[in-house]
>>> print(open('data-v2.cif').read())   # mmCIF, C-alpha atoms and all ligand atoms
data_my_file
#
loop_
_atom_site.group_PDB
_atom_site.id
_atom_site.type_symbol
_atom_site.label_atom_id
_atom_site.label_comp_id
_atom_site.auth_asym_id
_atom_site.auth_seq_id
_atom_site.Cartn_x
_atom_site.Cartn_y
_atom_site.Cartn_z
ATOM 1 C CA MET A 562 56.200 -141.277 -46.803
ATOM 2 C CA SER A 563 54.082 -143.870 -45.160
ATOM 3 C CA ASP A 564 52.061 -142.544 -42.306
ATOM 4 C CA THR A 565 52.734 -145.414 -39.939
ATOM 5 C CA ALA A 566 56.531 -145.674 -40.420
ATOM 6 C CA LEU A 567 57.769 -142.434 -38.838
ATOM 7 C CA LYS A 568 54.976 -141.097 -36.735
ATOM 8 C CA PRO A 569 55.848 -141.263 -33.036
ATOM 9 C CA ARG A 570 53.224 -143.074 -31.093
ATOM 10 C CA THR A 571 52.008 -141.881 -27.771
ATOM 11 C CA GLU A 572 50.683 -144.689 -25.661
ATOM 12 C CA ILE A 573 48.114 -143.664 -23.141
ATOM 13 C CA LYS A 574 47.662 -146.259 -20.456
ATOM 14 C CA VAL A 575 44.391 -146.120 -18.583
ATOM 15 C CA GLU A 576 44.335 -148.243 -15.477
ATOM 16 C CA ARG A 577 41.174 -149.385 -13.836
ATOM 17 C CA PRO A 578 40.955 -148.220 -10.193
ATOM 18 C CA ARG A 579 41.835 -150.992 -7.772
ATOM 19 C CA LEU A 580 38.993 -152.811 -6.046
ATOM 20 C CA TYR A 581 38.936 -153.475 -2.311
ATOM 21 C CA LYS A 582 37.784 -156.547 -0.399
ATOM 22 C CA VAL A 583 35.666 -156.139 2.707
ATOM 23 C CA ILE A 584 36.663 -158.838 5.196
ATOM 24 C CA LEU A 585 34.661 -160.072 8.176
ATOM 25 C CA LEU A 586 36.780 -161.190 11.150
ATOM 26 C CA ASN A 587 35.682 -163.737 13.715
ATOM 27 C CA ASP A 588 35.518 -162.965 17.434
ATOM 28 C CA ASP A 589 34.339 -164.925 20.481
ATOM 29 C CA PHE A 590 31.594 -162.552 21.632
ATOM 30 C CA THR A 591 29.337 -161.278 18.843
ATOM 31 C CA PRO A 592 26.217 -163.476 18.567
ATOM 32 C CA LYS A 593 25.880 -165.344 15.273
ATOM 33 C CA GLU A 594 22.394 -163.918 14.672
ATOM 34 C CA PHE A 595 23.728 -160.384 15.097
ATOM 35 C CA VAL A 596 26.476 -160.967 12.508
ATOM 36 C CA ILE A 597 23.847 -162.266 10.085
ATOM 37 C CA ALA A 598 21.606 -159.232 10.700
ATOM 38 C CA VAL A 599 24.497 -156.821 9.995
ATOM 39 C CA LEU A 600 25.468 -158.655 6.796
ATOM 40 C CA LYS A 601 21.858 -158.456 5.589
ATOM 41 C CA ALA A 602 21.465 -154.774 6.483
ATOM 42 C CA GLU A 603 24.819 -153.414 5.290
ATOM 43 C CA PHE A 604 25.630 -155.741 2.390
ATOM 44 C CA SER A 605 22.115 -156.495 1.076
ATOM 45 C CA MET A 606 22.608 -160.243 1.570
ATOM 46 C CA THR A 607 19.883 -162.840 1.791
ATOM 47 C CA GLU A 608 19.553 -164.881 4.997
ATOM 48 C CA ASP A 609 21.238 -167.771 3.191
ATOM 49 C CA GLN A 610 24.204 -165.750 1.911
ATOM 50 C CA ALA A 611 24.687 -164.066 5.295
ATOM 51 C CA GLN A 612 24.545 -167.408 7.130
ATOM 52 C CA LYS A 613 27.247 -168.870 4.834
ATOM 53 C CA VAL A 614 29.580 -165.862 5.187
ATOM 54 C CA MET A 615 29.106 -165.766 8.975
ATOM 55 C CA ILE A 616 29.785 -169.497 9.436
ATOM 56 C CA THR A 617 32.880 -169.312 7.192
ATOM 57 C CA ALA A 618 34.329 -166.473 9.314
ATOM 58 C CA HIS A 619 33.360 -168.378 12.478
ATOM 59 C CA ARG A 620 35.161 -171.541 11.334
ATOM 60 C CA LEU A 621 38.166 -170.146 9.445
ATOM 61 C CA GLY A 622 38.722 -166.823 11.236
ATOM 62 C CA SER A 623 37.747 -164.526 8.374
ATOM 63 C CA CYS A 624 35.685 -164.357 5.202
ATOM 64 C CA VAL A 625 35.520 -161.997 2.223
ATOM 65 C CA VAL A 626 32.119 -160.317 2.287
ATOM 66 C CA GLY A 627 32.382 -158.561 -1.073
ATOM 67 C CA VAL A 628 34.540 -156.499 -3.435
ATOM 68 C CA PHE A 629 33.874 -152.803 -4.056
ATOM 69 C CA ALA A 630 35.436 -149.501 -5.135
ATOM 70 C CA LYS A 631 37.718 -148.185 -2.336
ATOM 71 C CA ASP A 632 35.379 -145.556 -0.869
ATOM 72 C CA ILE A 633 32.371 -147.881 -0.922
ATOM 73 C CA ALA A 634 34.362 -150.712 0.719
ATOM 74 C CA GLU A 635 35.580 -148.367 3.456
ATOM 75 C CA THR A 636 32.128 -146.898 4.091
ATOM 76 C CA LYS A 637 30.508 -150.324 4.329
ATOM 77 C CA ALA A 638 33.239 -151.705 6.612
ATOM 78 C CA THR A 639 32.972 -148.671 8.904
ATOM 79 C CA ARG A 640 29.165 -148.761 9.063
ATOM 80 C CA ALA A 641 29.106 -152.510 9.742
ATOM 81 C CA THR A 642 31.803 -152.251 12.438
ATOM 82 C CA ASP A 643 29.957 -149.297 14.024
ATOM 83 C CA ALA A 644 26.726 -151.326 14.134
ATOM 84 C CA GLY A 645 28.549 -153.876 16.301
ATOM 85 C CA ARG A 646 30.169 -151.195 18.462
ATOM 86 C CA THR A 647 26.783 -149.505 19.069
ATOM 87 C CA ALA A 648 25.353 -152.827 20.270
ATOM 88 C CA GLY A 649 28.407 -153.433 22.493
ATOM 89 C CA PHE A 650 30.075 -156.126 20.359
ATOM 90 C CA PRO A 651 33.670 -156.277 19.050
ATOM 91 C CA LEU A 652 32.505 -157.202 15.530
ATOM 92 C CA LEU A 653 35.155 -156.104 13.014
ATOM 93 C CA PHE A 654 35.171 -155.552 9.272
ATOM 94 C CA THR A 655 38.402 -154.546 7.502
ATOM 95 C CA THR A 656 39.311 -153.666 3.915
ATOM 96 C CA GLU A 657 42.267 -154.632 1.743
ATOM 97 C CA PRO A 658 43.124 -154.088 -1.914
ATOM 98 C CA GLU A 659 42.623 -156.916 -4.374
ATOM 99 C CA GLU A 660 45.834 -158.219 -5.961
HETATM 100 N N1 LIG B 1 32.238 -166.622 16.867
HETATM 101 C C1 LIG B 1 30.989 -165.953 17.235
HETATM 102 C C2 LIG B 1 30.243 -166.830 18.228
HETATM 103 O O1 LIG B 1 30.557 -167.999 18.388
HETATM 104 C C3 LIG B 1 30.088 -165.692 16.003
HETATM 105 C C4 LIG B 1 30.789 -164.873 14.988
HETATM 106 C C5 LIG B 1 30.879 -165.345 13.682
HETATM 107 C C6 LIG B 1 31.342 -163.647 15.305
HETATM 108 C C7 LIG B 1 31.533 -164.589 12.698
HETATM 109 C C8 LIG B 1 32.009 -162.884 14.345
HETATM 110 O O2 LIG B 1 32.730 -162.647 12.090
HETATM 111 C C9 LIG B 1 32.082 -163.381 13.051
HETATM 112 N N2 LIG B 1 29.241 -166.256 18.876
#
>>> encode(input="data-v2.cif", output="structure tokens")
Amino acid sequence: MSDTALKPRTEIKVERPRLYKVILLNDDFTPKEFVIAVLKAEFSMTEDQAQKVMITAHRLGSCVVGVFAKDIAETKATRATDAGRTAGFPLLFTTEPEE
């Protein structure tokens, strides 16, 4: 008997954990320089990268800051939002799963 013909096959599907986007939302009050400072401190961005992300959120209303594992995305979004809150600004970072 051929080995491959009758042997039931068990398929084990391993799915990669979903990644989450961190999104920066525009507001009318947080100073541009403060947004840039938070992006540099919490997301290890260069001045140039932070400037581009900030100005995109400013012009379009939001901008994806980065994509991370769920817990890392949530921690970064919370820390960055808290930095704004501590300084008295309504700066907001949210997370959402990638498609
Ligand atoms: N719109 C703010 C201003 O004009 C700057 C800003 C940019 C705030 C991006 C939040 O996500 C933001 N001072």
>>> closest_atom_pairs(input="data-v2.cif", of="chain A", to="ligand LIG 1 (chain B)", cutoff="6 Å", atoms="all atoms listed in the file", output="Markdown table")
| residue | atom | partner | partner_atom | distance |
| --- | --- | --- | --- | --- |
| A:Leu585 | CA | B:LIG1 | O2 | 5.1 |
| A:Leu586 | CA | B:LIG1 | O2 | 4.4 |
| A:Asn587 | CA | B:LIG1 | O2 | 3.5 |
| A:Asp588 | CA | B:LIG1 | C8 | 4.7 |
| A:Asp589 | CA | B:LIG1 | N1 | 4.5 |
| A:Phe590 | CA | B:LIG1 | N2 | 5.2 |
| A:Thr591 | CA | B:LIG1 | C6 | 4.7 |
| A:Pro592 | CA | B:LIG1 | N2 | 4.1 |
| A:Lys593 | CA | B:LIG1 | C3 | 4.3 |
| A:Met615 | CA | B:LIG1 | C7 | 4.6 |
| A:Ala618 | CA | B:LIG1 | C7 | 4.8 |
| A:His619 | CA | B:LIG1 | C5 | 4.1 |
| A:Leu652 | CA | B:LIG1 | C8 | 5.8 |
>>> closest_residue(input="data-v2.cif", among="A:Val596, A:Thr571, A:Asp632, A:Ala602", to="Thr617 (chain A)", atoms="only C-alpha atoms")
A:Val596
>>> atom_distance(input="data-v2.cif", atom1="CA of Lys637 (chain A)", atom2="CA of Phe604 (chain A)")
7.5 Å
>>> residues_around(input="data-v2.cif", residues="Ile597 (chain A)", least_positions_apart="4", cutoff="10 Å", atoms="all atoms listed in the file", output="list in words")
Pro592, Lys593, Lys601, Ala602, Met606, Thr607, Glu608, Asp609, Gln610, Ala611, Gln612, Lys613, Val614, Met615 and Ile616 of chain A
>>> atom_distance(input="data-v2.cif", atom1="CA of Glu594 (chain A)", atom2="CA of Thr642 (chain A)")
15.2 Å
